[in-house]
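J.: Structure file run.txt, compact mmCIF, C-alpha atoms, is pasted below:
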```txt
# COMPACT_ATOMS: atom_id res chain seq x y z
CA MET A 1 -62.50 3.43 -300.03
CA HIS A 2 -60.80 1.63 -302.94
CA MET A 3 -59.83 3.59 -306.06
CA ARG A 4 -62.38 1.68 -308.17
CA GLN A 5 -65.14 2.49 -305.70
CA LEU A 6 -64.06 6.14 -305.66
CA VAL A 7 -64.18 6.34 -309.47
CA LEU A 8 -67.59 4.67 -309.61
CA SER A 9 -68.90 6.97 -306.88
CA THR A 10 -67.58 10.03 -308.68
CA ARG A 11 -69.10 8.90 -311.99
CA THR A 12 -72.43 8.24 -310.30
CA GLY A 13 -72.39 11.70 -308.74
CA VAL A 14 -71.57 13.37 -312.05
CA VAL A 15 -74.35 11.47 -313.86
CA ALA A 16 -76.83 12.38 -311.12
CA ALA A 17 -75.78 16.05 -311.26
CA LEU A 18 -76.15 16.13 -315.03
CA ALA A 19 -79.54 14.49 -314.78
CA CYS A 20 -80.69 17.06 -312.23
CA ALA A 21 -79.34 19.87 -314.42
CA GLY A 22 -81.20 18.43 -317.38
CA LEU A 23 -84.41 18.29 -315.38
CA LEU A 24 -83.90 21.90 -314.24
CA VAL A 25 -83.29 23.14 -317.79
CA GLY A 26 -86.32 21.21 -318.96
CA ALA A 27 -88.41 22.76 -316.21
CA LEU A 28 -87.20 26.23 -317.11
CA ASP A 29 -87.87 25.62 -320.79
CA GLY A 30 -91.31 24.32 -319.92
CA SER A 31 -91.98 27.41 -317.80
CA ALA A 32 -90.93 29.65 -320.69
CA ALA A 33 -93.10 27.65 -323.06
CA ARG A 34 -96.10 28.08 -320.76
CA THR A 35 -95.73 31.88 -320.74
CA PRO A 36 -98.53 33.19 -322.97
CA PRO A 37 -97.24 34.94 -326.10
CA ILE A 38 -97.60 38.60 -326.99
CA ARG A 39 -100.37 38.88 -329.56
CA GLN A 40 -100.72 41.52 -332.25
CA LYS A 41 -103.45 42.33 -334.74
CA ALA A 42 -103.47 44.52 -337.84
CA ALA A 43 -106.46 46.81 -337.43
CA GLY A 44 -107.23 47.24 -341.13
CA GLY A 45 -106.98 51.03 -340.92
CA GLN A 46 -105.85 53.88 -338.70
CA ILE A 47 -106.79 53.44 -335.05
CA GLU A 48 -108.42 56.51 -333.51
CA THR A 49 -108.89 55.20 -329.97
CA PHE A 50 -109.11 51.92 -328.03
CA SER A 51 -110.13 50.45 -324.67
CA LEU A 52 -109.23 47.27 -322.75
CA SER A 53 -111.60 45.35 -320.47
CA GLY A 54 -111.50 41.74 -319.29
CA GLY A 55 -108.88 40.71 -321.85
CA ARG A 56 -110.88 42.13 -324.79
CA ILE A 57 -109.98 45.27 -326.73
CA ALA A 58 -112.51 47.64 -328.28
CA TYR A 59 -111.04 49.88 -330.96
CA ASP A 60 -112.16 52.39 -333.55
CA VAL A 61 -110.88 52.28 -337.13
CA MET A 62 -111.03 55.49 -339.14
CA ALA A 63 -112.78 55.49 -342.50
CA ARG A 64 -110.20 54.87 -345.22
CA THR A 65 -109.56 57.94 -347.39
CA GLY A 66 -110.32 57.29 -351.05
CA ALA A 67 -112.30 54.11 -350.41
CA ALA A 68 -115.35 53.52 -352.59
CA ALA A 69 -117.56 53.33 -349.48
CA PRO A 70 -115.60 54.80 -346.53
CA CYS A 71 -116.93 53.61 -343.19
CA ASN A 72 -115.73 54.20 -339.62
CA LYS A 73 -116.07 51.09 -337.42
CA VAL A 74 -115.94 50.19 -333.73
CA LEU A 75 -114.82 46.61 -333.25
CA VAL A 76 -113.95 44.28 -330.36
CA TRP A 77 -110.98 41.90 -330.54
CA SER A 78 -110.46 38.94 -328.21
CA PRO A 79 -106.71 38.10 -328.26
CA GLN A 80 -107.29 34.81 -326.47
CA ARG A 81 -109.94 33.56 -328.89
CA GLY A 82 -108.56 35.32 -331.94
CA SER A 83 -112.02 36.63 -332.84
CA THR A 84 -113.13 40.11 -333.93
CA ALA A 85 -116.66 41.51 -334.08
CA ARG A 86 -118.04 44.82 -335.27
CA ILE A 87 -120.37 46.45 -332.72
CA SER A 88 -121.07 49.85 -334.34
CA GLY A 89 -123.71 50.61 -336.93
CA ARG A 90 -124.85 53.02 -339.60
CA GLN A 91 -124.52 56.27 -337.62
CA THR A 92 -120.93 55.60 -336.54
CA CYS A 93 -120.09 54.58 -340.10
CA SER A 94 -120.30 58.28 -341.08
CA ALA A 95 -118.35 59.55 -338.04
CA ASP A 96 -115.45 60.85 -340.14
CA SER A 97 -117.56 62.58 -342.80
CA THR A 98 -117.58 66.15 -341.46
CA SER A 99 -115.01 68.90 -342.01
CA THR A 100 -114.08 69.80 -338.43
CA GLY A 101 -115.28 66.80 -336.43
CA ALA A 102 -112.94 64.49 -334.52
CA GLY A 103 -114.85 61.32 -335.40
CA VAL A 104 -114.91 58.75 -332.60
CA ARG A 105 -113.21 60.90 -329.98
CA GLU A 106 -113.68 58.66 -326.93
CA LEU A 107 -114.32 54.94 -326.49
CA VAL A 108 -114.72 52.78 -323.38
CA LEU A 109 -115.27 49.04 -323.03
CA SER A 110 -116.71 48.15 -319.62
CA GLY A 111 -117.41 44.48 -319.08
CA GLY A 112 -119.72 43.35 -321.83
CA ARG A 113 -120.77 46.84 -322.90
CA ALA A 114 -119.05 49.54 -324.93
CA ALA A 115 -119.81 53.24 -325.25
CA TRP A 116 -118.31 55.85 -327.56
CA ILE A 117 -118.66 59.53 -328.43
CA VAL A 118 -118.82 60.67 -332.06
CA ASN A 119 -117.86 64.31 -332.59
CA GLN A 120 -118.93 65.99 -335.84
CA GLY A 121 -119.03 69.59 -337.02
CA GLY A 122 -118.62 72.30 -339.60
CA ASN A 123 -117.41 75.90 -339.40
CA SER A 124 -120.24 77.14 -337.19
CA GLU A 125 -121.56 74.11 -335.35
CA SER A 126 -120.40 71.02 -333.48
CA SER A 127 -122.12 68.02 -331.96
CA ASP A 128 -121.42 65.03 -329.73
CA HIS A 129 -123.39 61.79 -329.99
CA LEU A 130 -123.02 59.10 -327.34
CA TYR A 131 -123.67 55.55 -328.54
CA SER A 132 -123.54 52.21 -326.79
CA SER A 133 -123.71 48.52 -327.66
CA THR A 134 -123.33 45.19 -325.95
CA VAL A 135 -120.56 42.91 -327.20
CA ALA A 136 -122.60 39.70 -327.13
CA ARG A 137 -125.47 41.17 -329.19
CA PRO A 138 -124.10 44.14 -331.13
CA HIS A 139 -126.66 46.86 -331.78
CA GLU A 140 -125.73 50.53 -331.90
CA GLN A 141 -128.01 52.64 -329.69
CA LEU A 142 -128.05 56.42 -329.31
CA VAL A 143 -127.94 57.30 -325.60
CA ALA A 144 -127.57 61.11 -325.70
CA ALA A 145 -126.63 64.02 -327.96
CA ALA A 146 -125.27 67.53 -327.39
CA PHE A 147 -125.25 70.46 -329.83
CA ARG A 148 -123.52 73.85 -329.87
CA SER A 149 -123.03 76.69 -332.36
CA GLY A 150 -120.82 79.68 -332.96
CA ASP A 151 -117.25 79.62 -334.26
CA VAL A 152 -115.44 76.25 -334.08
CA SER A 153 -112.10 78.07 -333.93
CA GLY A 154 -113.39 80.40 -331.21
CA VAL A 155 -116.42 80.23 -328.90
CA LEU A 156 -119.21 77.69 -329.15
CA THR A 157 -122.44 78.09 -327.19
CA GLY A 158 -124.47 75.08 -326.13
CA ASN A 159 -124.02 71.60 -324.75
CA TRP A 160 -121.10 69.17 -324.67
CA LEU A 161 -120.37 65.52 -323.83
CA GLY A 162 -116.94 64.25 -322.73
CA GLY A 163 -114.96 62.57 -319.99
CA LEU A 164 -116.29 59.11 -320.82
CA VAL A 165 -115.03 56.50 -318.31
CA GLY A 166 -115.94 52.94 -317.40
CA ALA A 167 -114.93 49.75 -315.58
CA ASN A 168 -116.54 46.55 -314.33
CA GLY A 169 -119.84 47.22 -316.07
CA PHE A 170 -120.08 50.86 -314.87
CA LEU A 171 -120.04 53.79 -317.33
CA ALA A 172 -120.12 57.55 -316.70
CA VAL A 173 -119.78 60.75 -318.73
CA ASP A 174 -119.71 64.51 -318.16
CA HIS A 175 -122.44 66.71 -319.69
CA TRP A 176 -121.89 70.48 -319.55
CA ALA A 177 -123.01 73.75 -321.14
CA THR A 178 -121.23 76.95 -322.19
CA ASN A 179 -122.58 80.47 -322.71
CA ALA A 180 -121.84 83.09 -325.37
CA GLY A 181 -118.63 84.06 -323.57
CA GLY A 182 -117.36 80.49 -323.58
CA ASP A 183 -117.83 80.11 -319.81
CA VAL A 184 -119.01 76.80 -318.40
CA THR A 185 -122.44 77.38 -316.84
CA THR A 186 -123.59 73.92 -315.77
CA VAL A 187 -121.83 70.58 -315.23
CA ARG A 188 -123.37 67.19 -314.56
CA LEU A 189 -121.52 63.92 -314.03
CA ARG A 190 -123.92 61.24 -315.27
CA ARG A 191 -124.23 57.47 -315.27
CA VAL A 192 -124.53 55.93 -318.72
CA GLY A 193 -127.38 53.45 -319.08
CA PRO A 194 -130.18 53.27 -321.64
CA ARG A 195 -130.42 56.98 -320.76
CA LEU A 196 -128.23 59.35 -318.75
CA ALA A 197 -128.84 59.65 -315.00
CA ASP A 198 -127.33 62.36 -312.78
CA LEU A 199 -124.63 61.39 -310.28
CA ALA A 200 -123.10 64.77 -309.27
CA GLN A 201 -123.44 68.41 -310.28
CA GLY A 202 -121.29 71.53 -310.19
CA PRO A 203 -117.92 72.61 -311.61
CA GLY A 204 -116.06 70.17 -309.35
CA ALA A 205 -117.55 67.24 -311.29
CA MET A 206 -115.64 68.10 -314.48
CA LEU A 207 -113.80 66.28 -316.07
CA ALA A 208 -113.99 62.53 -315.35
CA ARG A 209 -110.72 60.81 -316.29
CA SER A 210 -110.69 57.35 -314.71
CA THR A 211 -112.79 54.84 -312.79
CA ASP A 212 -112.33 51.38 -311.33
CA GLY A 213 -116.07 50.81 -310.99
CA ARG A 214 -116.02 51.98 -307.34
CA LEU A 215 -114.42 55.42 -307.51
CA ILE A 216 -114.44 58.05 -310.27
CA ALA A 217 -111.37 60.29 -310.53
CA VAL A 218 -112.22 63.79 -311.78
CA LEU A 219 -109.33 66.00 -312.87
CA ARG A 220 -110.41 69.57 -312.19
CA SER A 221 -109.10 72.74 -313.82
CA GLY A 222 -107.69 74.07 -310.53
CA ASN A 223 -105.16 71.19 -310.16
CA THR A 224 -107.27 69.21 -307.72
CA ILE A 225 -108.64 65.71 -308.12
CA GLY A 226 -112.12 64.85 -306.90
CA LEU A 227 -112.75 61.22 -306.02
CA TYR A 228 -116.44 60.38 -306.31
CA SER A 229 -118.24 57.16 -305.51
CA THR A 230 -120.24 55.58 -308.33
CA ASP A 231 -123.41 56.83 -306.63
CA GLY A 232 -122.15 60.42 -306.97
CA ALA A 233 -120.92 61.18 -303.44
CA LEU A 234 -117.67 63.17 -303.16
CA ARG A 235 -115.36 60.97 -301.05
CA ARG A 236 -112.27 63.16 -300.94
CA THR A 237 -110.23 65.79 -302.74
CA VAL A 238 -106.54 65.34 -303.55
CA THR A 239 -104.19 68.21 -304.41
CA PRO A 240 -101.07 67.01 -306.29
CA VAL A 241 -97.72 68.58 -305.44
CA GLN A 242 -97.08 69.33 -309.13
CA GLY A 243 -99.49 70.17 -311.93
CA ALA A 244 -101.52 67.09 -312.79
CA THR A 245 -101.79 66.11 -316.46
CA GLU A 246 -103.37 62.63 -316.14
CA VAL A 247 -104.88 60.48 -313.39
CA ALA A 248 -105.74 56.81 -312.97
CA VAL A 249 -107.50 55.10 -310.06
CA ARG A 250 -107.62 51.38 -309.28
CA GLY A 251 -108.21 49.72 -305.93
CA ASP A 252 -105.93 51.18 -303.25
CA PHE A 253 -104.02 53.48 -305.59
CA LEU A 254 -104.55 56.85 -307.24
CA ALA A 255 -101.71 57.60 -309.69
CA VAL A 256 -101.04 61.08 -311.05
CA LEU A 257 -98.78 62.08 -313.95
CA THR A 258 -97.49 65.63 -313.57
CA SER A 259 -96.02 68.37 -315.73
CA ALA A 260 -92.75 67.96 -313.78
CA ASP A 261 -92.18 64.49 -315.27
CA THR A 262 -93.15 62.75 -312.05
CA LEU A 263 -95.60 60.06 -311.04
CA GLU A 264 -97.27 60.83 -307.72
CA VAL A 265 -98.86 57.83 -305.97
CA TYR A 266 -101.66 58.30 -303.42
CA ASN A 267 -103.76 56.04 -301.24
CA SER A 268 -107.18 56.22 -302.89
CA HIS A 269 -109.00 55.73 -299.55
CA SER A 270 -107.23 58.34 -297.42
CA GLY A 271 -105.77 60.64 -300.09
CA ARG A 272 -102.33 60.38 -298.46
CA ARG A 273 -99.34 60.69 -300.80
CA LEU A 274 -97.26 57.50 -300.70
CA ARG A 275 -94.50 57.93 -303.26
CA THR A 276 -93.20 60.24 -305.97
CA TRP A 277 -91.21 58.76 -308.84
CA ARG A 278 -89.45 60.31 -311.83
CA VAL A 279 -90.83 59.24 -315.21
CA ALA A 280 -89.69 59.58 -318.80
CA HIS A 281 -90.17 63.01 -320.36
CA GLY A 282 -93.35 63.14 -322.42
CA ALA A 283 -95.06 60.35 -320.46
CA HIS A 284 -98.76 60.01 -321.19
CA SER A 285 -101.62 57.48 -321.40
CA LEU A 286 -101.38 56.51 -317.73
CA ASP A 287 -103.17 53.45 -316.36
CA VAL A 288 -102.85 51.34 -313.21
CA SER A 289 -103.70 47.77 -312.16
CA ASN A 290 -102.34 45.14 -309.76
CA GLY A 291 -100.05 47.68 -308.08
CA ILE A 292 -98.44 48.49 -311.44
CA ALA A 293 -98.55 51.65 -313.54
CA ALA A 294 -98.20 51.69 -317.32
CA TYR A 295 -97.55 54.64 -319.60
CA ALA A 296 -96.31 55.58 -323.06
CA ALA A 297 -93.33 57.84 -323.76
CA PRO A 298 -90.81 58.79 -326.46
CA PHE A 299 -87.24 57.55 -326.44
CA PRO A 300 -84.90 59.73 -324.31
CA SER A 301 -83.76 61.43 -327.54
CA GLY A 302 -87.34 62.64 -328.12
CA GLY A 303 -89.64 62.33 -331.10
CA TYR A 304 -92.85 60.34 -331.31
CA ALA A 305 -94.03 58.13 -328.46
CA ARG A 306 -92.70 54.61 -329.07
CA VAL A 307 -91.91 53.12 -325.66
CA VAL A 308 -94.25 51.19 -323.34
CA HIS A 309 -93.16 51.55 -319.69
CA VAL A 310 -94.37 49.56 -316.67
CA ARG A 311 -93.55 50.51 -313.08
CA ARG A 312 -94.12 49.05 -309.63
CA LEU A 313 -96.02 51.66 -307.62
CA LYS A 314 -94.42 50.65 -304.30
CA SER A 315 -90.80 50.02 -305.27
CA GLY A 316 -90.59 52.39 -308.23
CA ARG A 317 -88.94 49.77 -310.44
CA ASP A 318 -89.47 50.86 -314.06
CA ARG A 319 -88.95 48.63 -317.08
CA VAL A 320 -89.44 49.03 -320.82
CA LEU A 321 -91.96 46.36 -321.74
CA THR A 322 -91.82 46.85 -325.51
CA THR A 323 -91.21 49.43 -328.21
CA THR A 324 -93.25 50.15 -331.33
CA PRO A 325 -92.93 51.95 -334.65
CA PRO A 326 -94.08 55.59 -334.47
CA GLU A 327 -96.59 56.57 -333.27
CA LEU A 328 -97.67 54.78 -330.09
CA ILE A 329 -101.25 55.90 -329.44
CA GLY A 330 -101.44 54.71 -325.86
CA VAL A 331 -101.49 51.85 -323.36
CA GLN A 332 -104.11 50.38 -321.04
CA LEU A 333 -103.65 47.99 -318.13
CA GLU A 334 -106.07 45.47 -316.61
CA PRO A 335 -105.63 42.37 -314.42
CA ALA A 336 -105.62 40.29 -317.63
CA GLY A 337 -102.71 42.19 -319.16
CA LEU A 338 -101.61 45.27 -321.07
CA ALA A 339 -102.93 46.55 -324.39
CA TYR A 340 -101.22 49.02 -326.68
CA ALA A 341 -101.91 50.47 -330.12
CA PHE A 342 -99.83 52.29 -332.70
CA ASP A 343 -100.42 53.93 -336.07
CA ARG A 344 -97.62 54.16 -338.61
CA ILE A 345 -96.77 57.69 -339.74
CA ALA A 346 -97.95 57.35 -343.33
CA PRO A 347 -101.26 57.98 -345.12
CA ASN A 348 -103.68 55.02 -345.06
CA ARG A 349 -101.22 52.75 -343.22
CA ALA A 350 -103.05 50.29 -340.99
CA GLY A 351 -102.64 50.58 -337.25
CA THR A 352 -101.74 47.66 -334.99
CA LEU A 353 -103.08 46.44 -331.65
CA GLY A 354 -100.97 44.52 -329.16
CA PHE A 355 -101.81 42.52 -326.04
CA VAL A 356 -99.26 41.46 -323.40
CA PRO A 357 -100.55 38.94 -320.80
CA MET A 358 -100.07 40.02 -317.19
CA SER A 359 -97.64 37.15 -316.55
CA ARG A 360 -95.26 38.73 -319.07
CA VAL A 361 -95.68 42.16 -317.49
CA VAL A 362 -94.77 40.75 -314.06
CA ARG A 363 -91.85 38.84 -315.56
CA ALA A 364 -90.48 42.03 -317.14
CA LEU A 365 -90.61 43.82 -313.79
CA ARG A 366 -88.67 40.98 -312.15
CA ALA A 367 -85.85 41.19 -314.68
CA ARG A 368 -82.63 42.83 -313.54
```
Translate this file's structure into structure tokens.
T.:
Amino acid sequence: MHMRQLVLSTRTGVVAALACAGLLVGALDGSAARTPPIRQKAAGGQIETFSLSGGRIAYDVMARTGAAAPCNKVLVWSPQRGSTARISGRQTCSADSTSTGAGVRELVLSGGRAAWIVNQGGNSESSDHLYSSTVARPHEQLVAAAFRSGDVSGVLTGNWLGGLVGANGFLAVDHWATNAGGDVTTVRLRRVGPRLADLAQGPGAMLARSTDGRLIAVLRSGNTIGLYSTDGALRRTVTPVQGATEVAVRGDFLAVLTSADTLEVYNSHSGRRLRTWRVAHGAHSLDVSNGIAAYAAPFPSGGYARVVHVRRLKSGRDRVLTTTPPELIGVQLEPAGLAYAFDRIAPNRAGTLGFVPMSRVVRALRAR
């Protein structure tokens, strides 16, 4: 080959290589540009609780102290559409008006329907009211109520509602009673519809903590987990190695946070333990989806929860997805993505909701 031909060939190769590199960079930039952004929303008040379902987030905003007309509200935010709608009504508006009540203590969004429990009380009485509403046509409806009396700092005798769970259009709640000695006398796990319908009875049915719409995970006081079908049949009982503090069930996996700072992973069908992973001290707000666990925790130095962790259940790979100002209320995980909420540690400072699309969650777990 002549020198001139060699130079021309070399130049042509360099130009082609640069062109290919440019195309590759452009493709990578385009891929990054196509990754959906993290979305945040100022809640307009302190967030008491929240729930994620199908890419929408239901959340409760505490009545603002000192406002001319304080009103507690349950709302639903669609990060994709950027729309927000109030679904609660007049009764929930006064949820925060009593001296010892917790307000909206529990909230679940399940498909197109939300349910929440309002707890109110004074020095000698306490009550739980279970409300529900559809998202498409908001109308607050009272489903059930439970009343008890005695000493709110000691023993209360009567009926209780709690353990509200839901997924894929299914909703369930525990309904139990206590006697004058504070002992639990009856327990019923019940489906939430226009009215409550019994699914299972007995002490083993308390307290529901998670459901994927097929199984209900009940965390019992004796450190066992009962897995019930949504028609109330007990499928199996799982006994964690360490003391269980939280549970989450989804598809093939049952995940258990323990008091030993571990995450125990079980097969939800057989009850066989698959893995045990170390987690950050103070981990809480466990959820699972798509073979991934999510939880909230403080920084290693301690303090308020501010760190959102995600972890592969099979490989154990753990990554920090994001951090927040104090205090991180919790996280929830669905096939659509991850939701989190935090309230700033200051009177009347508005809380914030966040939504991370699942593609970003997966991308974070792939990072080295």
J.: Do a neighbour search on A:Leu263 at 7 Å with all atoms listed in the file, toss out local chain neighbours closer than 5 positions, and write the hits as a list in words.
T.: Ala255, Val256, Leu257, Thr258, Thr276, Trp277, Arg278 and Val279 of chain A
J.: May I have the protein, DNA and RNA residues with any atom at most 9 Å from the point (-121.5, 84.8, -325.2), counting all atoms listed in the file, written as a PyMOL selection string?
T.: chain A and resi 155-157+178-183
J.: For a quick check of understanding, using only C-alpha atoms, which of A:Gly45, A:Pro37, A:Gly103, A:Gly202 has the smallest distance to A:Phe342?
T.: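 Distance minimum relative to A:Phe342 lands on A:Gly45.
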J.: Scan for residues within 12 Å of the point (-126.0, 51.7, -329.4) in the coordinates of the file, using all atoms listed in the file, and reply as a PyMOL selection string.
T.: chain A and resi 74+87-92+113-118+129-135+137-144+192-195
J.: Using only C-alpha atoms, can you tell me which of A:Gly302, A:Tyr266, A:Asp174, A:Ser94 comes closest to A:Gly282?
T.: A:Gly302
J.: Using all atoms of stretch 321-330 of chain A listed in the file and a margin of 4 Å per side, can you give the axis-aligned box centre and edge lengths in Å to one decimal, as lines of an AutoDock Vina configuration file?
T.:
```
center_x = -96.3
center_y = 51.5
center_z = -328.2
size_x = 18.2
size_y = 18.2
size_z = 20.9
```
J.: Pick from A:Leu109, A:Gly291, A:Pro203, A:Ala172: nearest to A:Arg190, with all atoms listed in the file counted?
T.: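 Looking at the shortest contact to A:Arg190, the residue is A:Ala172.
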J.: Applying 7 Å and only C-alpha atoms, which residues near A:Gly55 remain after dropping the ones on its own chain fewer than 6 positions away? List them as a list in words.
T.: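 Contacts, with the query itself left out: Ser78, Ala336 and Gly337 of chain A.
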J.: Hey, can you check how far atom CA of A:Arg209 sits from atom CA of A:Leu274?
T.: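 Separation between atom CA of A:Arg209 and atom CA of A:Leu274: 20.9 Å.
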J.: Between A:Ala297, A:Val362, A:Arg306, A:Asp96, which one has atoms that come closest to A:Thr65, using only C-alpha atoms?
T.: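 Of all the options, A:Asp96 lies closest to A:Thr65.
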J.: Counting all atoms listed in the file, which residue out of A:Asn223, A:Gln46, A:Asn267, A:Thr322 sits closest to A:Arg360?
T.: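 Among the listed residues, the smallest separation from A:Arg360 belongs to A:Thr322.
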J.: Just give me the gap between atom CA of A:Ser359 and atom CA of A:Ile216 in Å, one decimal is fine.
T.: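 Atom CA of A:Ile216 lies at a distance of 27.5 Å from atom CA of A:Ser359.
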J.: From the options A:Arg368, A:Val184, A:Glu264, A:His269, which residue's atoms come nearest to A:Thr237, counting only C-alpha atoms?
T.: A:His269
